[in-house]
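Coordinates as given in run-v7.pdb (PDB, C-alpha atoms):
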MODEL        1
ATOM      1  CA  MET A   1      26.137  15.930 -52.961
ATOM      2  CA  THR A   2      29.573  17.146 -51.830
ATOM      3  CA  ARG A   3      31.353  15.622 -48.823
ATOM      4  CA  VAL A   4      30.928  18.889 -46.907
ATOM      5  CA  ALA A   5      27.188  18.966 -47.600
ATOM      6  CA  LEU A   6      26.873  15.273 -46.664
ATOM      7  CA  ALA A   7      28.773  15.807 -43.413
ATOM      8  CA  THR A   8      26.589  18.810 -42.587
ATOM      9  CA  LEU A   9      23.437  16.762 -43.239
ATOM     10  CA  ILE A  10      24.654  13.901 -41.007
ATOM     11  CA  MET A  11      25.438  16.350 -38.202
ATOM     12  CA  LEU A  12      22.026  17.978 -38.606
ATOM     13  CA  LEU A  13      20.234  14.625 -38.531
ATOM     14  CA  GLY A  14      22.280  13.601 -35.489
ATOM     15  CA  SER A  15      21.373  16.763 -33.598
ATOM     16  CA  ILE A  16      17.693  16.300 -34.468
ATOM     17  CA  SER A  17      17.797  12.666 -33.307
ATOM     18  CA  SER A  18      19.513  13.640 -30.062
ATOM     19  CA  ALA A  19      16.974  16.364 -29.382
ATOM     20  CA  ALA A  20      14.111  13.979 -30.148
ATOM     21  CA  ALA A  21      15.583  11.291 -27.865
ATOM     22  CA  GLU A  22      16.050  13.827 -25.082
ATOM     23  CA  SER A  23      12.437  15.004 -25.388
ATOM     24  CA  VAL A  24      11.234  11.385 -25.264
ATOM     25  CA  LEU A  25      13.222  10.575 -22.107
ATOM     26  CA  HIS A  26      12.153  13.625 -20.116
ATOM     27  CA  SER A  27       8.748  14.414 -18.703
ATOM     28  CA  SER A  28       6.903  17.477 -19.939
ATOM     29  CA  PRO A  29       7.203  20.371 -17.431
ATOM     30  CA  GLU A  30       3.584  21.254 -18.175
ATOM     31  CA  ALA A  31       2.520  17.660 -17.447
ATOM     32  CA  LEU A  32       4.399  17.710 -14.125
ATOM     33  CA  GLU A  33       2.557  20.916 -13.207
ATOM     34  CA  TRP A  34      -0.705  19.077 -13.869
ATOM     35  CA  MET A  35       0.469  16.342 -11.489
ATOM     36  CA  GLN A  36       0.687  18.945  -8.741
ATOM     37  CA  ARG A  37      -2.871  20.056  -9.523
ATOM     38  CA  ILE A  38      -4.085  16.456  -9.376
ATOM     39  CA  THR A  39      -2.413  16.002  -5.979
ATOM     40  CA  ALA A  40      -3.939  19.158  -4.501
ATOM     41  CA  ALA A  41      -7.460  18.931  -5.977
ATOM     42  CA  PRO A  42      -9.059  16.393  -3.568
ATOM     43  CA  ARG A  43      -7.830  18.498  -0.632
ATOM     44  CA  GLN A  44      -9.333  21.686  -2.066
ATOM     45  CA  HIS A  45     -12.748  20.780  -3.484
ATOM     46  CA  SER A  46     -16.025  19.444  -2.142
ATOM     47  CA  TYR A  47     -17.914  17.175  -4.524
ATOM     48  CA  ILE A  48     -20.603  14.522  -4.897
ATOM     49  CA  GLY A  49     -20.325  11.852  -7.544
ATOM     50  CA  THR A  50     -20.885   8.318  -8.772
ATOM     51  CA  PHE A  51     -18.031   6.340 -10.275
ATOM     52  CA  VAL A  52     -17.574   2.899 -11.790
ATOM     53  CA  TYR A  53     -14.620   0.561 -11.233
ATOM     54  CA  SER A  54     -14.040  -2.120 -13.879
ATOM     55  CA  SER A  55     -11.532  -4.920 -14.242
ATOM     56  CA  GLY A  56     -12.119  -7.765 -16.665
ATOM     57  CA  ASP A  57     -15.677  -8.972 -16.129
ATOM     58  CA  HIS A  58     -15.967  -7.265 -12.737
ATOM     59  CA  ILE A  59     -17.847  -3.947 -12.564
ATOM     60  CA  GLU A  60     -18.583  -2.090  -9.329
ATOM     61  CA  THR A  61     -20.410   1.201  -8.781
ATOM     62  CA  SER A  62     -19.799   3.536  -5.829
ATOM     63  CA  ARG A  63     -21.208   6.823  -4.601
ATOM     64  CA  ILE A  64     -18.919   9.391  -2.959
ATOM     65  CA  LEU A  65     -19.561  12.557  -0.924
ATOM     66  CA  HIS A  66     -16.441  14.586  -0.200
ATOM     67  CA  ARG A  67     -16.422  17.719   1.957
ATOM     68  CA  VAL A  68     -13.474  20.045   2.578
ATOM     69  CA  ASP A  69     -13.611  22.537   5.445
ATOM     70  CA  ALA A  70     -11.348  24.165   8.041
ATOM     71  CA  GLU A  71     -10.925  20.801   9.785
ATOM     72  CA  GLY A  72      -9.725  18.985   6.681
ATOM     73  CA  GLU A  73     -11.297  16.282   4.511
ATOM     74  CA  HIS A  74     -14.461  14.371   5.353
ATOM     75  CA  GLU A  75     -15.779  11.650   3.094
ATOM     76  CA  LYS A  76     -18.466   9.036   2.764
ATOM     77  CA  ARG A  77     -18.337   6.383   0.067
ATOM     78  CA  GLU A  78     -20.841   3.601  -0.499
ATOM     79  CA  VAL A  79     -20.493   0.522  -2.675
ATOM     80  CA  LEU A  80     -23.774   0.222  -4.583
ATOM     81  CA  ASP A  81     -23.322  -3.267  -6.071
ATOM     82  CA  GLY A  82     -23.231  -6.619  -4.299
ATOM     83  CA  MET A  83     -22.753  -6.707  -0.532
ATOM     84  CA  PRO A  84     -23.338  -3.237   0.966
ATOM     85  CA  GLN A  85     -20.309  -1.442   2.347
ATOM     86  CA  GLU A  86     -19.851   2.075   3.623
ATOM     87  CA  ILE A  87     -16.606   3.903   4.419
ATOM     88  CA  ILE A  88     -16.541   7.064   6.535
ATOM     89  CA  ARG A  89     -13.265   9.010   6.465
ATOM     90  CA  ASN A  90     -12.179  12.005   8.517
ATOM     91  CA  ASN A  91      -8.739  13.008   7.222
ATOM     92  CA  ASP A  92      -6.678   9.791   7.652
ATOM     93  CA  GLU A  93      -9.029   8.027  10.084
ATOM     94  CA  MET A  94     -11.321   5.507   8.396
ATOM     95  CA  ARG A  95     -14.291   3.437   9.576
ATOM     96  CA  CYS A  96     -15.698   0.731   7.318
ATOM     97  CA  TYR A  97     -19.244  -0.476   8.007
ATOM     98  CA  MET A  98     -20.150  -3.960   6.712
ATOM     99  CA  PRO A  99     -23.809  -4.601   7.622
ATOM    100  CA  GLU A 100     -23.967  -8.131   6.170
ATOM    101  CA  ASN A 101     -21.285  -9.256   8.656
ATOM    102  CA  LYS A 102     -22.314  -6.740  11.336
ATOM    103  CA  THR A 103     -18.716  -5.560  11.537
ATOM    104  CA  ILE A 104     -17.013  -2.179  11.875
ATOM    105  CA  VAL A 105     -13.356  -1.950  10.861
ATOM    106  CA  THR A 106     -11.316   1.027  12.053
ATOM    107  CA  GLU A 107      -8.112   1.822  10.162
ATOM    108  CA  LYS A 108      -5.687   4.617   9.407
ATOM    109  CA  ARG A 109      -5.053   5.512   5.776
ATOM    110  CA  TRP A 110      -1.313   5.060   5.276
ATOM    111  CA  LEU A 111      -0.556   4.396   1.614
ATOM    112  CA  GLN A 112      -4.072   3.454   0.602
ATOM    113  CA  LYS A 113      -4.975   5.171  -2.648
ATOM    114  CA  VAL A 114      -8.645   5.708  -3.300
ATOM    115  CA  PHE A 115     -10.010   7.210  -6.498
ATOM    116  CA  PRO A 116      -9.873  10.091  -7.288
ATOM    117  CA  ALA A 117      -7.028  10.741  -4.777
ATOM    118  CA  LEU A 118      -4.424   8.511  -6.430
ATOM    119  CA  LEU A 119      -1.340  10.623  -5.688
ATOM    120  CA  PRO A 120       0.509  11.258  -2.406
ATOM    121  CA  GLN A 121       0.992  14.792  -1.125
ATOM    122  CA  SER A 122       4.410  15.006  -2.793
ATOM    123  CA  THR A 123       5.147  13.905  -6.365
ATOM    124  CA  GLY A 124       8.745  15.135  -6.404
ATOM    125  CA  ASN A 125      10.267  11.818  -7.506
ATOM    126  CA  ILE A 126       7.573  10.757  -9.984
ATOM    127  CA  ASP A 127       9.842  11.655 -12.927
ATOM    128  CA  ASP A 128      12.405   9.076 -11.725
ATOM    129  CA  SER A 129      10.030   6.235 -12.554
ATOM    130  CA  TYR A 130       7.646   7.585 -15.210
ATOM    131  CA  ILE A 131       7.788   9.763 -18.303
ATOM    132  CA  VAL A 132       4.831  12.109 -17.841
ATOM    133  CA  ARG A 133       3.309  13.622 -20.985
ATOM    134  CA  LEU A 134       0.352  15.769 -21.951
ATOM    135  CA  GLY A 135      -2.209  14.244 -24.283
ATOM    136  CA  GLY A 136      -5.138  16.002 -25.882
ATOM    137  CA  GLN A 137      -8.398  17.132 -24.314
ATOM    138  CA  GLU A 138     -11.468  14.902 -24.088
ATOM    139  CA  ARG A 139     -14.945  15.134 -22.589
ATOM    140  CA  ILE A 140     -15.824  12.878 -19.629
ATOM    141  CA  SER A 141     -19.252  13.048 -17.947
ATOM    142  CA  ASP A 142     -19.855  16.484 -19.488
ATOM    143  CA  HIS A 143     -16.547  17.878 -18.152
ATOM    144  CA  THR A 144     -13.653  18.997 -20.333
ATOM    145  CA  CYS A 145     -10.597  16.961 -19.357
ATOM    146  CA  GLN A 146      -6.866  17.156 -19.985
ATOM    147  CA  VAL A 147      -5.328  13.753 -20.749
ATOM    148  CA  ILE A 148      -2.117  12.871 -18.871
ATOM    149  CA  GLU A 149      -0.042   9.827 -19.840
ATOM    150  CA  LEU A 150       2.479   8.195 -17.490
ATOM    151  CA  GLU A 151       4.819   5.826 -19.322
ATOM    152  CA  PRO A 152       6.905   3.576 -17.035
ATOM    153  CA  ARG A 153      10.663   3.881 -17.479
ATOM    154  CA  ASP A 154      11.068   0.101 -17.085
ATOM    155  CA  ASN A 155       8.982  -3.065 -16.870
ATOM    156  CA  ARG A 156       8.804  -2.988 -13.062
ATOM    157  CA  ARG A 157       5.659  -0.841 -12.956
ATOM    158  CA  TYR A 158       2.440  -0.251 -14.881
ATOM    159  CA  GLY A 159       1.593   2.646 -17.131
ATOM    160  CA  HIS A 160      -1.281   5.020 -16.417
ATOM    161  CA  LYS A 161      -3.596   7.260 -18.385
ATOM    162  CA  TRP A 162      -5.574   9.955 -16.578
ATOM    163  CA  TRP A 163      -8.360  12.339 -17.584
ATOM    164  CA  VAL A 164      -8.251  15.499 -15.427
ATOM    165  CA  ASP A 165     -11.022  18.073 -15.090
ATOM    166  CA  THR A 166      -9.525  21.281 -16.500
ATOM    167  CA  ARG A 167     -11.511  23.463 -14.075
ATOM    168  CA  THR A 168     -10.854  21.713 -10.728
ATOM    169  CA  GLY A 169      -7.898  19.387 -11.343
ATOM    170  CA  LEU A 170      -9.913  16.385 -10.132
ATOM    171  CA  LEU A 171      -9.364  13.015 -11.768
ATOM    172  CA  LEU A 172     -12.499  12.004 -13.650
ATOM    173  CA  LYS A 173     -11.117   8.862 -15.226
ATOM    174  CA  ALA A 174      -8.038   6.722 -14.540
ATOM    175  CA  ALA A 175      -6.781   3.643 -16.365
ATOM    176  CA  VAL A 176      -3.943   1.289 -15.366
ATOM    177  CA  LEU A 177      -2.113  -0.074 -18.409
ATOM    178  CA  ASP A 178       0.045  -3.174 -18.822
ATOM    179  CA  GLN A 179       1.906  -2.818 -22.133
ATOM    180  CA  GLY A 180      -1.006  -0.828 -23.554
ATOM    181  CA  ARG A 181      -3.724  -3.175 -22.265
ATOM    182  CA  VAL A 182      -6.199  -1.727 -19.734
ATOM    183  CA  VAL A 183      -5.902  -3.742 -16.500
ATOM    184  CA  GLU A 184      -8.370  -1.721 -14.454
ATOM    185  CA  GLN A 185     -10.231   1.549 -14.765
ATOM    186  CA  PHE A 186     -12.151   4.111 -12.700
ATOM    187  CA  VAL A 187     -14.505   6.650 -14.264
ATOM    188  CA  PHE A 188     -17.003   9.155 -12.889
ATOM    189  CA  THR A 189     -20.405   8.782 -14.528
ATOM    190  CA  HIS A 190     -21.727  11.788 -12.586
ATOM    191  CA  LEU A 191     -19.892  14.529 -10.691
ATOM    192  CA  GLU A 192     -20.985  17.789  -9.035
ATOM    193  CA  THR A 193     -18.327  20.178  -7.719
ATOM    194  CA  GLY A 194     -18.349  23.562  -6.021
ATOM    195  CA  ILE A 195     -21.336  22.678  -3.830
ATOM    196  CA  GLU A 196     -22.061  22.866  -0.107
ATOM    197  CA  ILE A 197     -22.366  19.442   1.544
ATOM    198  CA  ASP A 198     -24.232  19.225   4.843
ATOM    199  CA  LYS A 199     -22.184  17.419   7.530
ATOM    200  CA  ALA A 200     -25.248  15.316   8.353
ATOM    201  CA  LEU A 201     -24.992  13.649   4.931
ATOM    202  CA  LEU A 202     -21.538  12.316   5.845
ATOM    203  CA  LYS A 203     -22.778  10.282   8.811
ATOM    204  CA  SER A 204     -23.111   6.521   8.470
ATOM    205  CA  ARG A 205     -26.612   5.220   7.916
ATOM    206  CA  TYR A 206     -25.631   2.268  10.142
ATOM    207  CA  ALA A 207     -24.139   4.194  13.081
ATOM    208  CA  ALA A 208     -27.255   3.868  15.254
ATOM    209  CA  LYS A 209     -27.467   0.092  14.698
ATOM    210  CA  THR A 210     -23.936  -0.956  15.641
ATOM    211  CA  ALA A 211     -24.196  -1.470  19.424
ATOM    212  CA  GLU A 212     -23.862  -5.244  19.040
ATOM    213  CA  TRP A 213     -21.658  -5.278  15.951
ATOM    214  CA  ARG A 214     -18.149  -6.723  16.045
ATOM    215  CA  ALA A 215     -15.454  -4.027  16.163
ATOM    216  CA  VAL A 216     -12.073  -4.652  14.500
ATOM    217  CA  ASN A 217      -9.305  -2.110  15.105
ATOM    218  CA  LEU A 218      -6.597  -2.242  12.422
ATOM    219  CA  VAL A 219      -4.838   0.957  13.504
ATOM    220  CA  SER A 220      -1.083   0.342  13.326
ATOM    221  CA  SER A 221       1.963   1.360  15.367
ATOM    222  CA  THR A 222       4.795   2.959  13.389
ATOM    223  CA  MET A 223       8.384   1.853  14.022
ATOM    224  CA  GLY A 224      11.790   3.460  13.606
ATOM    225  CA  ASN A 225      13.969   2.710  10.608
ATOM    226  CA  GLU A 226      14.855  -1.027  10.424
ATOM    227  CA  LYS A 227      13.488  -1.648  13.926
ATOM    228  CA  LEU A 228      11.430  -4.613  12.705
ATOM    229  CA  GLY A 229      14.541  -6.724  12.177
ATOM    230  CA  TRP A 230      13.868  -7.123   8.443
ATOM    231  CA  ARG A 231      14.844  -5.212   5.325
ATOM    232  CA  VAL A 232      14.373  -5.336   1.555
ATOM    233  CA  ARG A 233      17.857  -5.815   0.146
ATOM    234  CA  ASP A 234      17.209  -5.312  -3.595
ATOM    235  CA  LEU A 235      14.540  -2.699  -4.284
ATOM    236  CA  PRO A 236      13.472  -2.164  -7.910
ATOM    237  CA  GLN A 237      14.797   1.113  -9.280
ATOM    238  CA  GLY A 238      12.688   4.078  -8.190
ATOM    239  CA  PHE A 239      11.128   2.369  -5.158
ATOM    240  CA  ARG A 240      11.832   3.654  -1.655
ATOM    241  CA  LYS A 241      10.831   2.532   1.801
ATOM    242  CA  VAL A 242       8.114   4.830   3.122
ATOM    243  CA  ILE A 243       7.380   3.466   6.592
ATOM    244  CA  GLU A 244       7.726   0.458   8.895
ATOM    245  CA  MET A 245       4.954  -0.560  11.283
ATOM    246  CA  LYS A 246       3.363  -3.246  13.384
ATOM    247  CA  ARG A 247       0.082  -3.807  11.574
ATOM    248  CA  ASN A 248      -3.134  -5.363  12.791
ATOM    249  CA  LEU A 249      -4.781  -7.432  10.067
ATOM    250  CA  SER A 250      -8.275  -8.854  10.031
ATOM    251  CA  GLY A 251      -8.244 -12.516  11.081
ATOM    252  CA  LYS A 252      -4.742 -12.335  12.601
ATOM    253  CA  PRO A 253      -4.470 -12.805  16.395
ATOM    254  CA  MET A 254      -1.218 -10.812  16.630
ATOM    255  CA  PRO A 255       0.134  -7.738  14.811
ATOM    256  CA  VAL A 256       2.355  -8.507  11.809
ATOM    257  CA  ASN A 257       5.443  -6.679  10.568
ATOM    258  CA  HIS A 258       4.702  -4.361   7.652
ATOM    259  CA  ILE A 259       7.164  -2.530   5.403
ATOM    260  CA  ALA A 260       5.558  -0.067   2.966
ATOM    261  CA  LEU A 261       7.329   0.830  -0.298
ATOM    262  CA  SER A 262       6.469   3.265  -3.093
ATOM    263  CA  ASP A 263       7.854   4.751  -6.306
ATOM    264  CA  GLY A 264       5.747   7.890  -5.833
ATOM    265  CA  LEU A 265       2.666   6.303  -7.403
ATOM    266  CA  ALA A 266       2.673   2.506  -7.124
ATOM    267  CA  ALA A 267       2.673   1.095  -3.588
ATOM    268  CA  VAL A 268       3.893  -2.319  -2.410
ATOM    269  CA  SER A 269       3.362  -3.741   1.072
ATOM    270  CA  VAL A 270       5.602  -6.423   2.579
ATOM    271  CA  PHE A 271       4.119  -8.434   5.460
ATOM    272  CA  ILE A 272       6.256 -10.674   7.689
ATOM    273  CA  GLU A 273       4.703 -13.046  10.228
ATOM    274  CA  PRO A 274       5.729 -16.300  11.967
ATOM    275  CA  VAL A 275       4.421 -19.523  10.436
ATOM    276  CA  ALA A 276       4.189 -21.140  13.889
ATOM    277  CA  GLY A 277       0.766 -20.933  15.488
ATOM    278  CA  GLN A 278      -1.124 -20.364  12.233
ATOM    279  CA  ALA A 279      -3.918 -22.846  11.674
ATOM    280  CA  SER A 280      -3.623 -22.511   7.885
ATOM    281  CA  PRO A 281      -0.507 -20.578   6.831
ATOM    282  CA  PRO A 282      -0.517 -19.088   3.301
ATOM    283  CA  THR A 283       0.810 -21.304   0.538
ATOM    284  CA  PRO A 284       4.019 -19.906  -1.008
ATOM    285  CA  GLY A 285       3.765 -18.814  -4.625
ATOM    286  CA  LEU A 286       2.559 -16.074  -6.977
ATOM    287  CA  TYR A 287      -1.097 -15.074  -7.038
ATOM    288  CA  ARG A 288      -3.054 -12.634  -9.164
ATOM    289  CA  SER A 289      -5.739 -10.662  -7.386
ATOM    290  CA  ARG A 290      -8.365  -8.490  -9.016
ATOM    291  CA  GLY A 291      -7.201  -5.752 -11.345
ATOM    292  CA  ALA A 292      -3.569  -4.667 -11.100
ATOM    293  CA  ILE A 293      -2.806  -6.328  -7.741
ATOM    294  CA  ASN A 294      -0.236  -9.142  -7.589
ATOM    295  CA  ILE A 295       0.654 -11.184  -4.486
ATOM    296  CA  TYR A 296       3.802 -13.235  -3.837
ATOM    297  CA  SER A 297       4.603 -15.346  -0.751
ATOM    298  CA  ARG A 298       7.665 -17.297   0.375
ATOM    299  CA  ILE A 299       8.919 -18.783   3.631
ATOM    300  CA  VAL A 300      12.134 -17.481   5.239
ATOM    301  CA  ALA A 301      13.457 -18.703   8.614
ATOM    302  CA  ASP A 302      10.018 -19.959   9.733
ATOM    303  CA  ASN A 303       8.357 -16.702   8.663
ATOM    304  CA  ILE A 304       5.942 -16.195   5.805
ATOM    305  CA  ILE A 305       6.911 -13.198   3.643
ATOM    306  CA  THR A 306       4.097 -11.721   1.541
ATOM    307  CA  ALA A 307       4.560  -8.906  -0.973
ATOM    308  CA  VAL A 308       1.361  -7.257  -2.247
ATOM    309  CA  GLY A 309       1.126  -4.375  -4.676
ATOM    310  CA  GLU A 310      -0.278  -2.692  -7.766
ATOM    311  CA  VAL A 311       2.754  -3.722  -9.790
ATOM    312  CA  PRO A 312       3.624  -6.459 -12.312
ATOM    313  CA  SER A 313       4.292  -9.970 -10.995
ATOM    314  CA  ALA A 314       8.060  -9.684 -11.603
ATOM    315  CA  THR A 315       8.173  -6.690  -9.246
ATOM    316  CA  VAL A 316       6.435  -8.343  -6.283
ATOM    317  CA  MET A 317       8.652 -11.405  -6.796
ATOM    318  CA  GLN A 318      11.829  -9.291  -6.828
ATOM    319  CA  ILE A 319      10.753  -7.512  -3.657
ATOM    320  CA  GLY A 320       9.555 -10.674  -1.903
ATOM    321  CA  ASP A 321      12.759 -12.547  -2.758
ATOM    322  CA  SER A 322      14.843  -9.623  -1.421
ATOM    323  CA  VAL A 323      13.404  -9.593   2.101
ATOM    324  CA  VAL A 324      16.054 -10.706   4.620
ATOM    325  CA  SER A 325      16.536 -10.689   8.364
ATOM    326  CA  HIS A 326      19.138  -8.251   9.681
ATOM    327  CA  ARG A 327      21.064 -11.281  10.888
ATOM    328  CA  VAL A 328      21.494 -12.487   7.306
ATOM    329  CA  LYS A 329      24.590 -11.015   5.653
TER     330      LYS A 329
ENDMDL
END

Rendering of file as structure tokens:
Amino acid sequence: MTRVALATLIMLLGSISSAAAESVLHSSPEALEWMQRITAAPRQHSYIGTFVYSSGDHIETSRILHRVDAEGEHEKREVLDGMPQEIIRNNDEMRCYMPENKTIVTEKRWLQKVFPALLPQSTGNIDDSYIVRLGGQERISDHTCQVIELEPRDNRRYGHKWWVDTRTGLLLKAAVLDQGRVVEQFVFTHLETGIEIDKALLKSRYAAKTAEWRAVNLVSSTMGNEKLGWRVRDLPQGFRKVIEMKRNLSGKPMPVNHIALSDGLAAVSVFIEPVAGQASPPTPGLYRSRGAINIYSRIVADNIITAVGEVPSATVMQIGDSVVSHRVK
């Protein structure tokens, strides 16, 4: 082979490698369009279904009724395994009925993600943190689904694999992946869409029995930027502060400071509360909850800092270790 031919071949191989690398590092435009469909679908379609959550040896089945009308979204979900629990949602207002404890918990849905609505209303920055690709098509619960793969751009977040109904855009199956290993998974075993749902079906079966139940109001008060007196100094790449609030928590006599963070998909909550006055303050350290949730606590200036999120342990530790008072320079 002549030098000219060899040089031409090297240049050709280089251009192919560069093009391949560029395609690997950028999300598919078609996949990003599917992300918009996934975001919009729960706000556009009424449906009734049964889905299963699994993580390790834990399996839990739930039934969901979801109605969309001129007033917004209305939903009833019931946990069918173990202790009964029922959640009634009207747009962002939620009421959780726990008959075993005779308790009603009222809360506002801030960053809480509930299957199949796993995405916020805007996914504009999702490409900053994940490479989003189209997979093939597969059949889930007798529905044809488009597979979407979200590969994390670093080790500070989990990967995801989603199966999306090609007709409605609803998520029918969702898996959280840690280096290829499934950490937790949701999947519809039965789903009916395009149906009329009577409003009466969305009422709690316990509503008439709750006169003497204990009522817990966890509705929070939002705060202005950095009005809590605390900030996260070293956010992992891609994460942004979404909101600050004074948050009521079950079992806490006083509201606690809450800073909510997100990368457009994964959410992390930072709670700050005084150690003084607590009968049994949390023990500092790293804890693994069920599924993809990790928890990290430390004590700073007589306050317990707790970071909780669906992210790897290194991420909650980085965030928790970065929380400082405004007085600290």

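Within 10 Å of the point (7.7, -12.2, 8.9) in file coordinates, and counting all atoms listed in the file, lie the residues Leu228, Gly229, Trp230, Val256, Asn257, His258, Val270, Phe271, Ile272, Glu273, Pro274, Val275, Arg298, Ile299, Val300, Ala301, Asp302, Asn303, Ile304, Ile305, Thr306, Val323, Val324 and Ser325 of chain A.
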
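Nearest residue to Gly285 of chain A among A:Thr193, A:Ser54, A:Ser297, A:Asn225 is A:Ser297, counting all atoms listed in the file.
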
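With only the atoms specified (only C-alpha atoms) counting, those residues at most 10 Å away from (-3.3, 17.4, -20.8) are Glu30, Ala31, Trp34, Arg133, Leu134, Gly135, Gly136, Gln137, Glu138, Cys145, Gln146, Val147, Ile148, Glu149, Trp162, Trp163, Val164, Asp165 and Thr166 of chain A.
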
Any idea what's packed within 9 Å of Asp92 of chain A, counting only C-alpha atoms, ignoring anything in its chain fewer than 4 positions away? Could you give it as a ChimeraX atom specification? /A:73,107-110

Evaluate the PyMOL selection byres ((chain A and resi 210) around 9) and report residues as a ChimeraX atom specification: /A:97,99,102-104,206-209,211-214

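Put simply, atom CA of Ser262 of chain A is 27.7 Å away from atom CA of Ser46 of chain A.
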
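For the pair atom CA of Arg95 of chain A and atom CA of Pro120 of chain A, the separation is 20.6 Å.
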
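This file gives the following result for the PyMOL selection byres ((chain A and resi 218) around 10): Met94, Arg95, Val105, Thr106, Glu107, Lys108, Ala215, Val216, Asn217, Val219, Ser220, Ser221, Arg247, Asn248, Leu249, Ser250 and Pro255 of chain A.
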
Could you tell me which residues the PyMOL selection byres ((chain A and resi 42) around 10) returns for this structure, as JSON, numbers by chain? {"A": [37, 38, 39, 40, 41, 43, 44, 45, 46, 47, 66, 67, 68, 73, 115, 116, 117, 118, 119, 168, 169, 170, 171]}

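Using only C-alpha atoms for every distance, the candidate list A:Arg231, A:Arg288, A:Arg153, A:His74 yields A:Arg153 as the residue closest to Asp263 of chain A.
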
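Atom CA of Val182 of chain A to atom CA of Asp142 of chain A spans 22.8 Å [interatomic distance, one decimal].
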
Mind dumping segment 242-287 of chain A from that block, keeping C-alpha atoms, as a PDB file, in the first residue's frame?
ATOM      1  CA  VAL A 242     -35.589  23.049  42.372  1.00  0.00           C
ATOM      2  CA  ILE A 243     -37.194  24.515  45.490  1.00  0.00           C
ATOM      3  CA  GLU A 244     -36.661  25.379  49.156  1.00  0.00           C
ATOM      4  CA  MET A 245     -39.391  24.870  51.746  1.00  0.00           C
ATOM      5  CA  LYS A 246     -40.332  24.421  55.362  1.00  0.00           C
ATOM      6  CA  ARG A 247     -41.586  20.845  55.400  1.00  0.00           C
ATOM      7  CA  ASN A 248     -43.815  19.074  57.879  1.00  0.00           C
ATOM      8  CA  LEU A 249     -42.714  15.478  58.397  1.00  0.00           C
ATOM      9  CA  SER A 250     -44.592  12.707  60.136  1.00  0.00           C
ATOM     10  CA  GLY A 251     -43.368  12.302  63.721  1.00  0.00           C
ATOM     11  CA  LYS A 252     -41.631  15.704  63.804  1.00  0.00           C
ATOM     12  CA  PRO A 253     -43.076  18.334  66.189  1.00  0.00           C
ATOM     13  CA  MET A 254     -41.741  21.260  64.125  1.00  0.00           C
ATOM     14  CA  PRO A 255     -41.296  21.866  60.381  1.00  0.00           C
ATOM     15  CA  VAL A 256     -37.830  21.033  59.028  1.00  0.00           C
ATOM     16  CA  ASN A 257     -35.812  22.789  56.334  1.00  0.00           C
ATOM     17  CA  HIS A 258     -36.009  21.030  52.974  1.00  0.00           C
ATOM     18  CA  ILE A 259     -33.956  21.684  49.839  1.00  0.00           C
ATOM     19  CA  ALA A 260     -35.091  19.728  46.761  1.00  0.00           C
ATOM     20  CA  LEU A 261     -32.608  18.940  43.967  1.00  0.00           C
ATOM     21  CA  SER A 262     -33.007  17.223  40.596  1.00  0.00           C
ATOM     22  CA  ASP A 263     -31.108  16.400  37.406  1.00  0.00           C
ATOM     23  CA  GLY A 264     -34.359  16.317  35.420  1.00  0.00           C
ATOM     24  CA  LEU A 265     -35.103  12.718  36.402  1.00  0.00           C
ATOM     25  CA  ALA A 266     -33.454  11.726  39.688  1.00  0.00           C
ATOM     26  CA  ALA A 267     -34.530  13.706  42.756  1.00  0.00           C
ATOM     27  CA  VAL A 268     -32.614  14.248  46.006  1.00  0.00           C
ATOM     28  CA  SER A 269     -34.048  15.837  49.144  1.00  0.00           C
ATOM     29  CA  VAL A 270     -31.887  17.505  51.795  1.00  0.00           C
ATOM     30  CA  PHE A 271     -33.449  17.872  55.255  1.00  0.00           C
ATOM     31  CA  ILE A 272     -31.926  20.105  57.948  1.00  0.00           C
ATOM     32  CA  GLU A 273     -33.201  20.079  61.534  1.00  0.00           C
ATOM     33  CA  PRO A 274     -31.777  20.927  64.986  1.00  0.00           C
ATOM     34  CA  VAL A 275     -30.472  18.010  67.043  1.00  0.00           C
ATOM     35  CA  ALA A 276     -31.582  19.715  70.275  1.00  0.00           C
ATOM     36  CA  GLY A 277     -34.976  18.620  71.538  1.00  0.00           C
ATOM     37  CA  GLN A 278     -35.030  15.325  69.632  1.00  0.00           C
ATOM     38  CA  ALA A 279     -35.641  12.326  71.850  1.00  0.00           C
ATOM     39  CA  SER A 280     -33.719  10.032  69.484  1.00  0.00           C
ATOM     40  CA  PRO A 281     -31.821  11.967  66.799  1.00  0.00           C
ATOM     41  CA  PRO A 282     -30.792  10.010  63.669  1.00  0.00           C
ATOM     42  CA  THR A 283     -27.420   8.300  63.790  1.00  0.00           C
ATOM     43  CA  PRO A 284     -24.962   9.791  61.266  1.00  0.00           C
ATOM     44  CA  GLY A 285     -23.882   7.490  58.459  1.00  0.00           C
ATOM     45  CA  LEU A 286     -24.896   5.942  55.133  1.00  0.00           C
ATOM     46  CA  TYR A 287     -28.017   3.805  54.885  1.00  0.00           C
TER      47      TYR A 287
END
